$ cat structure33.txt   # compact mmCIF, N, CA, C and O atoms and all ligand atoms
# COMPACT_ATOMS: atom_id res chain seq x y z
N MET A 1 17.58 -12.76 -3.96
CA MET A 1 17.89 -11.59 -3.13
C MET A 1 16.81 -10.52 -3.37
O MET A 1 16.52 -10.17 -4.52
N PRO A 2 16.19 -10.00 -2.31
CA PRO A 2 15.12 -9.01 -2.49
C PRO A 2 15.65 -7.68 -3.00
O PRO A 2 16.80 -7.33 -2.77
N LEU A 3 14.76 -6.97 -3.69
CA LEU A 3 15.05 -5.60 -4.09
C LEU A 3 14.48 -4.70 -3.00
O LEU A 3 13.29 -4.41 -2.96
N ARG A 4 15.33 -4.32 -2.07
CA ARG A 4 14.88 -3.56 -0.89
C ARG A 4 15.19 -2.09 -1.10
O ARG A 4 16.32 -1.73 -1.43
N VAL A 5 14.17 -1.24 -0.92
CA VAL A 5 14.35 0.20 -1.12
C VAL A 5 13.85 0.96 0.11
O VAL A 5 12.90 0.55 0.78
N ARG A 6 14.49 2.10 0.35
CA ARG A 6 14.03 2.98 1.43
C ARG A 6 12.82 3.77 0.92
O ARG A 6 12.86 4.32 -0.18
N VAL A 7 11.78 3.81 1.71
CA VAL A 7 10.56 4.48 1.28
C VAL A 7 10.32 5.78 2.04
O VAL A 7 9.97 6.80 1.46
N CYS A 8 10.49 5.76 3.35
CA CYS A 8 10.19 6.94 4.15
C CYS A 8 10.74 6.76 5.56
O CYS A 8 11.33 5.73 5.86
N ASP A 9 10.48 7.75 6.38
CA ASP A 9 10.79 7.65 7.79
C ASP A 9 9.48 7.34 8.53
O ASP A 9 8.41 7.76 8.09
N GLN A 10 9.58 6.61 9.61
CA GLN A 10 8.36 6.29 10.38
C GLN A 10 7.60 7.55 10.79
O GLN A 10 6.38 7.52 10.93
N LEU A 11 8.33 8.65 10.98
CA LEU A 11 7.66 9.89 11.39
C LEU A 11 6.76 10.44 10.28
O LEU A 11 5.87 11.25 10.54
N ASP A 12 6.99 10.00 9.04
CA ASP A 12 6.17 10.47 7.91
C ASP A 12 4.90 9.65 7.73
O ASP A 12 4.04 9.99 6.90
N VAL A 13 4.78 8.56 8.46
CA VAL A 13 3.65 7.64 8.28
C VAL A 13 2.46 8.14 9.10
O VAL A 13 2.60 8.49 10.27
N VAL A 14 1.30 8.18 8.45
CA VAL A 14 0.06 8.63 9.10
C VAL A 14 -0.85 7.42 9.31
O VAL A 14 -1.08 6.64 8.37
N ASP A 15 -1.36 7.25 10.51
CA ASP A 15 -2.26 6.14 10.81
C ASP A 15 -3.49 6.17 9.90
O ASP A 15 -4.09 7.24 9.68
N ASP A 16 -3.88 5.01 9.39
CA ASP A 16 -5.13 4.84 8.63
C ASP A 16 -5.28 5.84 7.48
O ASP A 16 -6.40 6.29 7.19
N ALA A 17 -4.17 6.20 6.85
CA ALA A 17 -4.22 7.14 5.73
C ALA A 17 -3.49 6.56 4.52
O ALA A 17 -2.55 5.78 4.67
N VAL A 18 -3.94 6.95 3.35
CA VAL A 18 -3.30 6.51 2.11
C VAL A 18 -2.25 7.55 1.74
O VAL A 18 -2.53 8.49 1.01
N THR A 19 -1.07 7.38 2.28
CA THR A 19 0.02 8.32 2.03
C THR A 19 1.00 7.67 1.07
O THR A 19 1.53 6.58 1.34
N ALA A 20 1.24 8.34 -0.06
CA ALA A 20 2.07 7.77 -1.12
C ALA A 20 3.49 8.32 -1.05
O ALA A 20 3.69 9.52 -0.84
N PHE A 21 4.45 7.44 -1.24
CA PHE A 21 5.86 7.82 -1.25
C PHE A 21 6.47 7.37 -2.58
O PHE A 21 6.43 6.19 -2.91
N ALA A 22 7.00 8.34 -3.29
CA ALA A 22 7.64 8.02 -4.58
C ALA A 22 8.96 7.29 -4.33
O ALA A 22 9.69 7.60 -3.39
N VAL A 23 9.22 6.32 -5.19
CA VAL A 23 10.49 5.58 -5.14
C VAL A 23 11.12 5.71 -6.52
O VAL A 23 10.48 5.39 -7.53
N GLU A 24 12.33 6.20 -6.56
CA GLU A 24 13.02 6.42 -7.83
C GLU A 24 13.06 5.13 -8.66
O GLU A 24 13.41 4.07 -8.14
N GLY A 25 12.68 5.25 -9.92
CA GLY A 25 12.75 4.11 -10.82
C GLY A 25 11.55 3.19 -10.76
O GLY A 25 11.50 2.19 -11.48
N VAL A 26 10.56 3.51 -9.91
CA VAL A 26 9.37 2.68 -9.77
C VAL A 26 8.16 3.47 -10.27
O VAL A 26 7.98 4.64 -9.89
N THR A 27 7.35 2.87 -11.11
CA THR A 27 6.22 3.57 -11.73
C THR A 27 5.22 4.08 -10.70
O THR A 27 4.84 5.25 -10.71
N TRP A 28 4.77 3.20 -9.83
CA TRP A 28 3.75 3.57 -8.85
C TRP A 28 4.40 3.83 -7.51
O TRP A 28 5.33 3.12 -7.12
N PRO A 29 3.90 4.81 -6.76
CA PRO A 29 4.47 5.05 -5.43
C PRO A 29 4.13 3.89 -4.49
O PRO A 29 3.29 3.05 -4.80
N VAL A 30 4.79 3.90 -3.36
CA VAL A 30 4.48 2.91 -2.32
C VAL A 30 3.63 3.61 -1.25
O VAL A 30 3.94 4.73 -0.84
N ILE A 31 2.54 2.96 -0.88
CA ILE A 31 1.70 3.48 0.20
C ILE A 31 2.17 2.86 1.51
O ILE A 31 2.31 1.63 1.59
N VAL A 32 2.40 3.69 2.50
CA VAL A 32 2.74 3.18 3.83
C VAL A 32 1.78 3.81 4.82
O VAL A 32 1.56 5.03 4.80
N THR A 33 1.20 2.96 5.64
CA THR A 33 0.32 3.45 6.70
C THR A 33 0.50 2.60 7.94
O THR A 33 1.33 1.67 7.96
N ARG A 34 -0.25 2.92 8.96
CA ARG A 34 -0.21 2.16 10.20
C ARG A 34 -1.64 1.79 10.54
O ARG A 34 -2.51 2.66 10.61
N ILE A 35 -1.86 0.46 10.70
CA ILE A 35 -3.20 -0.04 11.04
C ILE A 35 -3.10 -0.72 12.40
O ILE A 35 -2.37 -1.69 12.54
N GLY A 36 -3.80 -0.21 13.36
CA GLY A 36 -3.76 -0.80 14.70
C GLY A 36 -2.34 -0.88 15.24
O GLY A 36 -1.98 -1.85 15.92
N GLY A 37 -1.53 0.10 14.91
CA GLY A 37 -0.16 0.15 15.42
C GLY A 37 0.86 -0.59 14.56
O GLY A 37 2.06 -0.52 14.83
N GLU A 38 0.39 -1.31 13.54
CA GLU A 38 1.30 -2.08 12.67
C GLU A 38 1.50 -1.35 11.35
O GLU A 38 0.53 -0.90 10.72
N LEU A 39 2.75 -1.26 10.93
CA LEU A 39 3.04 -0.67 9.62
C LEU A 39 2.58 -1.61 8.51
O LEU A 39 2.76 -2.83 8.61
N VAL A 40 2.01 -1.03 7.47
CA VAL A 40 1.58 -1.78 6.29
C VAL A 40 2.06 -1.02 5.07
O VAL A 40 1.95 0.21 5.02
N ALA A 41 2.58 -1.74 4.08
CA ALA A 41 3.03 -1.11 2.83
C ALA A 41 2.47 -1.88 1.65
O ALA A 41 2.45 -3.12 1.64
N PHE A 42 1.99 -1.14 0.65
CA PHE A 42 1.43 -1.78 -0.53
C PHE A 42 1.57 -0.84 -1.73
O PHE A 42 1.80 0.36 -1.57
N PRO A 43 1.44 -1.38 -2.94
CA PRO A 43 1.60 -0.55 -4.13
C PRO A 43 0.50 0.50 -4.23
O PRO A 43 -0.64 0.25 -3.86
N GLY A 44 0.85 1.64 -4.79
CA GLY A 44 -0.10 2.74 -4.90
C GLY A 44 -0.98 2.66 -6.11
O GLY A 44 -1.33 3.69 -6.70
N VAL A 45 -1.39 1.46 -6.48
CA VAL A 45 -2.23 1.28 -7.65
C VAL A 45 -3.29 0.22 -7.35
O VAL A 45 -3.00 -0.80 -6.73
N CYS A 46 -4.52 0.49 -7.78
CA CYS A 46 -5.60 -0.47 -7.57
C CYS A 46 -5.37 -1.69 -8.47
O CYS A 46 -5.16 -1.52 -9.68
N PRO A 47 -5.46 -2.90 -7.93
CA PRO A 47 -5.26 -4.10 -8.76
C PRO A 47 -6.38 -4.31 -9.78
O PRO A 47 -6.22 -5.11 -10.69
N HIS A 48 -7.47 -3.57 -9.65
CA HIS A 48 -8.58 -3.76 -10.58
C HIS A 48 -8.32 -3.10 -11.92
O HIS A 48 -8.26 -3.77 -12.94
N GLU A 49 -8.13 -1.78 -11.93
CA GLU A 49 -7.95 -1.10 -13.21
C GLU A 49 -6.86 -0.04 -13.19
O GLU A 49 -6.98 1.00 -13.85
N ASP A 50 -5.82 -0.27 -12.45
CA ASP A 50 -4.63 0.59 -12.49
C ASP A 50 -4.93 2.07 -12.27
O ASP A 50 -4.46 2.92 -13.02
N VAL A 51 -5.69 2.39 -11.24
CA VAL A 51 -5.87 3.79 -10.89
C VAL A 51 -5.07 4.07 -9.61
O VAL A 51 -4.84 3.17 -8.82
N PRO A 52 -4.63 5.31 -9.43
CA PRO A 52 -3.78 5.61 -8.27
C PRO A 52 -4.57 5.59 -6.96
O PRO A 52 -5.55 6.31 -6.81
N LEU A 53 -4.11 4.79 -6.03
CA LEU A 53 -4.80 4.70 -4.75
C LEU A 53 -4.59 5.95 -3.90
O LEU A 53 -5.40 6.23 -3.02
N GLU A 54 -3.55 6.71 -4.17
CA GLU A 54 -3.38 7.95 -3.40
C GLU A 54 -4.51 8.93 -3.72
O GLU A 54 -4.83 9.79 -2.91
N ASP A 55 -5.12 8.80 -4.89
CA ASP A 55 -6.25 9.65 -5.26
C ASP A 55 -7.60 9.01 -4.96
O ASP A 55 -8.56 9.70 -4.65
N PHE A 56 -7.69 7.70 -5.09
CA PHE A 56 -8.99 7.03 -5.02
C PHE A 56 -9.13 6.04 -3.86
O PHE A 56 -10.19 5.45 -3.69
N GLY A 57 -8.08 5.84 -3.09
CA GLY A 57 -8.15 4.87 -1.99
C GLY A 57 -8.51 5.52 -0.67
O GLY A 57 -8.09 6.64 -0.38
N VAL A 58 -9.31 4.80 0.11
CA VAL A 58 -9.69 5.23 1.45
C VAL A 58 -9.52 4.04 2.39
O VAL A 58 -9.95 2.93 2.04
N ILE A 59 -8.90 4.25 3.53
CA ILE A 59 -8.74 3.16 4.48
C ILE A 59 -9.88 3.19 5.49
O ILE A 59 -10.15 4.22 6.10
N GLU A 60 -10.52 2.03 5.59
CA GLU A 60 -11.67 1.91 6.50
C GLU A 60 -11.62 0.53 7.15
O GLU A 60 -11.66 -0.48 6.45
N GLY A 61 -11.51 0.51 8.45
CA GLY A 61 -11.61 -0.76 9.18
C GLY A 61 -10.63 -1.83 8.72
O GLY A 61 -11.03 -2.98 8.55
N GLY A 62 -9.39 -1.47 8.51
CA GLY A 62 -8.39 -2.46 8.10
C GLY A 62 -8.43 -2.84 6.65
O GLY A 62 -7.76 -3.79 6.23
N GLU A 63 -9.21 -2.13 5.86
CA GLU A 63 -9.28 -2.38 4.42
C GLU A 63 -8.99 -1.08 3.68
O GLU A 63 -9.22 0.01 4.21
N VAL A 64 -8.51 -1.21 2.44
CA VAL A 64 -8.46 -0.04 1.58
C VAL A 64 -9.58 -0.22 0.56
O VAL A 64 -9.73 -1.27 -0.06
N ARG A 65 -10.40 0.82 0.44
CA ARG A 65 -11.51 0.79 -0.52
C ARG A 65 -11.16 1.73 -1.66
O ARG A 65 -10.77 2.89 -1.45
N CYS A 66 -11.25 1.20 -2.87
CA CYS A 66 -11.01 2.02 -4.05
C CYS A 66 -12.34 2.66 -4.44
O CYS A 66 -13.33 1.96 -4.66
N ARG A 67 -12.37 3.99 -4.52
CA ARG A 67 -13.62 4.70 -4.77
C ARG A 67 -14.09 4.63 -6.22
O ARG A 67 -15.20 5.05 -6.52
N VAL A 68 -13.26 4.06 -7.11
CA VAL A 68 -13.69 4.00 -8.52
C VAL A 68 -14.85 3.01 -8.68
O VAL A 68 -15.90 3.34 -9.23
N HIS A 69 -14.68 1.79 -8.19
CA HIS A 69 -15.76 0.80 -8.28
C HIS A 69 -16.16 0.26 -6.91
O HIS A 69 -17.02 -0.63 -6.83
N GLY A 70 -15.51 0.73 -5.86
CA GLY A 70 -15.90 0.32 -4.51
C GLY A 70 -15.30 -0.96 -4.00
O GLY A 70 -15.70 -1.46 -2.95
N TYR A 71 -14.36 -1.55 -4.73
CA TYR A 71 -13.75 -2.80 -4.27
C TYR A 71 -12.93 -2.54 -3.01
O TYR A 71 -12.25 -1.52 -2.90
N ARG A 72 -12.98 -3.51 -2.11
CA ARG A 72 -12.25 -3.40 -0.84
C ARG A 72 -11.17 -4.48 -0.79
O ARG A 72 -11.42 -5.61 -1.18
N PHE A 73 -10.02 -4.11 -0.28
CA PHE A 73 -8.91 -5.05 -0.15
C PHE A 73 -8.48 -5.09 1.31
O PHE A 73 -8.18 -4.04 1.90
N ASP A 74 -8.48 -6.29 1.86
CA ASP A 74 -8.08 -6.48 3.25
C ASP A 74 -6.58 -6.23 3.36
O ASP A 74 -5.79 -6.86 2.65
N LEU A 75 -6.19 -5.33 4.24
CA LEU A 75 -4.77 -4.98 4.32
C LEU A 75 -3.95 -6.02 5.07
O LEU A 75 -2.72 -5.99 5.02
N ALA A 76 -4.59 -6.96 5.74
CA ALA A 76 -3.85 -8.04 6.40
C ALA A 76 -3.53 -9.17 5.42
O ALA A 76 -2.48 -9.80 5.50
N THR A 77 -4.46 -9.40 4.47
CA THR A 77 -4.29 -10.55 3.58
C THR A 77 -4.16 -10.15 2.10
O THR A 77 -3.70 -10.95 1.29
N GLY A 78 -4.61 -8.96 1.76
CA GLY A 78 -4.61 -8.52 0.36
C GLY A 78 -5.83 -8.97 -0.41
O GLY A 78 -5.99 -8.61 -1.57
N THR A 79 -6.70 -9.79 0.20
CA THR A 79 -7.83 -10.35 -0.54
C THR A 79 -8.90 -9.29 -0.81
O THR A 79 -9.04 -8.31 -0.09
N CYS A 80 -9.65 -9.56 -1.87
CA CYS A 80 -10.74 -8.67 -2.29
C CYS A 80 -12.04 -9.44 -2.17
O CYS A 80 -12.22 -10.47 -2.83
N GLU A 81 -12.94 -8.96 -1.34
CA GLU A 81 -14.20 -9.67 -1.13
C GLU A 81 -15.09 -9.63 -2.37
O GLU A 81 -15.88 -10.53 -2.60
N HIS A 82 -14.97 -8.59 -3.19
CA HIS A 82 -15.84 -8.46 -4.37
C HIS A 82 -15.37 -9.31 -5.53
O HIS A 82 -16.17 -9.80 -6.31
N MET A 83 -14.06 -9.45 -5.66
CA MET A 83 -13.51 -10.19 -6.79
C MET A 83 -12.31 -11.00 -6.27
O MET A 83 -11.19 -10.51 -6.24
N PRO A 84 -12.55 -12.25 -5.85
CA PRO A 84 -11.50 -13.05 -5.21
C PRO A 84 -10.25 -13.26 -6.08
O PRO A 84 -9.18 -13.55 -5.54
N ALA A 85 -10.37 -13.09 -7.39
CA ALA A 85 -9.20 -13.26 -8.25
C ALA A 85 -8.20 -12.12 -8.09
O ALA A 85 -7.03 -12.26 -8.47
N LEU A 86 -8.66 -11.01 -7.54
CA LEU A 86 -7.77 -9.86 -7.34
C LEU A 86 -7.09 -9.95 -5.99
O LEU A 86 -7.67 -10.42 -5.02
N ASN A 87 -5.87 -9.47 -5.94
CA ASN A 87 -5.15 -9.46 -4.67
C ASN A 87 -4.28 -8.22 -4.62
O ASN A 87 -3.59 -7.89 -5.59
N LEU A 88 -4.35 -7.51 -3.50
CA LEU A 88 -3.49 -6.35 -3.29
C LEU A 88 -2.20 -6.84 -2.66
O LEU A 88 -2.21 -7.41 -1.56
N ARG A 89 -1.13 -6.65 -3.37
CA ARG A 89 0.16 -7.08 -2.86
C ARG A 89 0.53 -6.25 -1.63
O ARG A 89 0.24 -5.06 -1.56
N ARG A 90 1.14 -6.85 -0.64
CA ARG A 90 1.68 -6.13 0.51
C ARG A 90 3.17 -6.36 0.54
O ARG A 90 3.64 -7.47 0.33
N TYR A 91 3.90 -5.31 0.76
CA TYR A 91 5.35 -5.41 0.76
C TYR A 91 5.87 -5.76 2.15
O TYR A 91 5.36 -5.25 3.16
N LYS A 92 6.89 -6.60 2.16
CA LYS A 92 7.58 -6.90 3.43
C LYS A 92 8.32 -5.64 3.86
O LYS A 92 9.01 -5.00 3.06
N ILE A 93 8.18 -5.29 5.13
CA ILE A 93 8.80 -4.09 5.69
C ILE A 93 9.97 -4.46 6.58
O ILE A 93 9.89 -5.40 7.37
N THR A 94 11.05 -3.71 6.44
CA THR A 94 12.19 -3.82 7.34
C THR A 94 12.47 -2.43 7.89
O THR A 94 12.54 -1.47 7.13
N LEU A 95 12.58 -2.33 9.20
CA LEU A 95 12.93 -1.05 9.81
C LEU A 95 14.44 -0.99 10.00
O LEU A 95 15.06 -1.93 10.52
N VAL A 96 15.00 0.13 9.56
CA VAL A 96 16.43 0.39 9.77
C VAL A 96 16.48 1.69 10.57
O VAL A 96 16.32 2.78 10.00
N GLY A 97 16.63 1.56 11.87
CA GLY A 97 16.45 2.72 12.73
C GLY A 97 15.01 3.18 12.59
O GLY A 97 14.08 2.39 12.78
N SER A 98 14.80 4.45 12.23
CA SER A 98 13.43 4.93 12.02
C SER A 98 13.02 4.88 10.56
O SER A 98 11.90 5.28 10.20
N GLU A 99 13.90 4.39 9.70
CA GLU A 99 13.58 4.34 8.27
C GLU A 99 12.78 3.10 7.91
O GLU A 99 13.04 2.01 8.43
N VAL A 100 11.83 3.30 7.00
CA VAL A 100 11.00 2.20 6.52
C VAL A 100 11.54 1.76 5.16
O VAL A 100 11.58 2.55 4.21
N TRP A 101 11.94 0.51 5.07
CA TRP A 101 12.42 -0.08 3.82
C TRP A 101 11.43 -1.17 3.44
O TRP A 101 10.89 -1.86 4.32
N VAL A 102 11.19 -1.34 2.15
CA VAL A 102 10.30 -2.41 1.71
C VAL A 102 10.99 -3.25 0.63
O VAL A 102 11.85 -2.76 -0.10
N ASP A 103 10.57 -4.51 0.57
CA ASP A 103 11.06 -5.42 -0.48
C ASP A 103 10.09 -5.33 -1.65
O ASP A 103 8.95 -5.79 -1.55
N LEU A 104 10.52 -4.71 -2.74
CA LEU A 104 9.66 -4.59 -3.92
C LEU A 104 9.55 -5.92 -4.66
O LEU A 104 8.54 -6.20 -5.30
N LEU A 105 10.59 -6.71 -4.60
CA LEU A 105 10.61 -8.03 -5.26
C LEU A 105 11.00 -9.09 -4.26
O LEU A 105 11.70 -8.82 -3.30
S1 LIG A 201 -10.36 0.67 -10.38
FE1 LIG A 201 -10.24 0.33 -8.24
S2 LIG A 201 -12.03 -0.84 -7.85
FE2 LIG A 201 -12.05 -0.57 -9.97
$ encode --input "structure33.txt" --output "structure tokens"
Amino acid sequence: MPLRVRVCDQLDVVDDAVTAFAVEGVTWPVIVTRIGGELVAFPGVCPHEDVPLEDFGVIEGGEVRCRVHGYRFDLATGTCEHMPALNLRRYKITLVGSEVWVDLL
């Protein structure tokens, strides 16, 4: 059974922006954005060295680039072109009315 939590309202989501939403009991916030009209949610931490993506992440062309070392993560697949062993997790999204819920587990 998934651990599904409410993260935000769709009205709070900004296209192509790294907007972080705190979730009670979770260390890192959840980032929710819209890429080409599609909602995307992922953890607010870089998989490389645990830095906050709300401070160091930039969305460019369907990827999030971490400004610490420049690694890019494809937001459709989570893959990293610079270091294939790294993967940015993407959360499954469920809409409940206008609310955005994600499966953390
Ligand atoms: S800490 Fe993000 S790319 Fe290195």
$ closest_residue --input "structure33.txt" --among "A:Phe21, A:Met1, A:Arg65, A:Val32" --to "ligand LIG 201 (chain A)" --atoms "all atoms listed in the file"
A:Arg65
$ residues_around --input "structure33.txt" --residues "Ser98 in chain A" --least-positions-apart "3" --cutoff "5 Å" --atoms "all atoms listed in the file" --output "PDB file with N, CA, C and O atoms, in the frame of the given file"
ATOM      1  N   CYS A   8      10.490   5.760   3.350  1.00  0.00           N
ATOM      2  CA  CYS A   8      10.190   6.940   4.150  1.00  0.00           C
ATOM      3  C   CYS A   8      10.740   6.760   5.560  1.00  0.00           C
ATOM      4  O   CYS A   8      11.330   5.730   5.860  1.00  0.00           O
ATOM      5  N   ASP A   9      10.480   7.750   6.380  1.00  0.00           N
ATOM      6  CA  ASP A   9      10.790   7.650   7.790  1.00  0.00           C
ATOM      7  C   ASP A   9       9.480   7.340   8.530  1.00  0.00           C
ATOM      8  O   ASP A   9       8.410   7.760   8.090  1.00  0.00           O
ATOM      9  N   GLN A  10       9.580   6.610   9.610  1.00  0.00           N
ATOM     10  CA  GLN A  10       8.360   6.290  10.380  1.00  0.00           C
ATOM     11  C   GLN A  10       7.600   7.550  10.790  1.00  0.00           C
ATOM     12  O   GLN A  10       6.380   7.520  10.930  1.00  0.00           O
ATOM     13  N   LEU A  11       8.330   8.650  10.980  1.00  0.00           N
ATOM     14  CA  LEU A  11       7.660   9.890  11.390  1.00  0.00           C
ATOM     15  C   LEU A  11       6.760  10.440  10.280  1.00  0.00           C
ATOM     16  O   LEU A  11       5.870  11.250  10.540  1.00  0.00           O
TER      17      LEU A  11
END
$ select_by_dssp --input "structure33.txt" --residues "chain A" --states "strand (DSSP E)" --output "PyMOL selection string"
chain A and resi 4-9+14-15+20-21+30-35+38-43+57-60+63-66+72-74+92-96+99-103
$ residues_near_ligand --input "structure33.txt" --ligand "ligand LIG 201 (chain A)" --cutoff "9 Å" --atoms "only C-alpha atoms and all ligand atoms" --output "JSON, numbers by chain"
{"A": [45, 46, 47, 48, 49, 50, 51, 52, 53, 56, 57, 65, 66, 67, 68, 69, 70, 71, 72]}
$ residues_around --input "structure33.txt" --residues "Thr19 in chain A" --least-positions-apart "4" --cutoff "7 Å" --atoms "all atoms listed in the file" --output "PyMOL selection string"
chain A and resi 12+14+29-33+42+53-54
$ select_by_dssp --input "structure33.txt" --residues "chain A" --states "alpha helix (DSSP H)" --output "count of residues only"
4
$ residues_around --input "structure33.txt" --residues "Leu88 in chain A" --least-positions-apart "5" --cutoff "7 Å" --atoms "only C-alpha atoms" --output "VMD selection string"
chain A and resid 47 73 78 to 79
$ atom_distance --input "structure33.txt" --atom1 "atom O of Glu60 in chain A" --atom2 "atom O of Ala85 in chain A"
19.6 Å
$ closest_residue --input "structure33.txt" --among "A:Gly37, A:Val102, A:Thr94, A:Met83" --to "Gly62 in chain A" --atoms "only C-alpha atoms"
A:Gly37
$ closest_residue --input "structure33.txt" --among "A:Val26, A:Asn87, A:Glu38, A:Ala20" --to "Asp55 in chain A" --atoms "all atoms listed in the file"
A:Ala20
$ closest_residue --input "structure33.txt" --among "A:Val100, A:Asp16, A:Val64, A:Arg4" --to "Ala76 in chain A" --atoms "all atoms listed in the file"
A:Val64
$ atom_distance --input "structure33.txt" --atom1 "atom O of Leu104 in chain A" --atom2 "CA of Val23 in chain A"
11.9 Å
$ atom_distance --input "structure33.txt" --atom1 "atom O of Arg89 in chain A" --atom2 "atom N of Gly25 in chain A"
18.2 Å
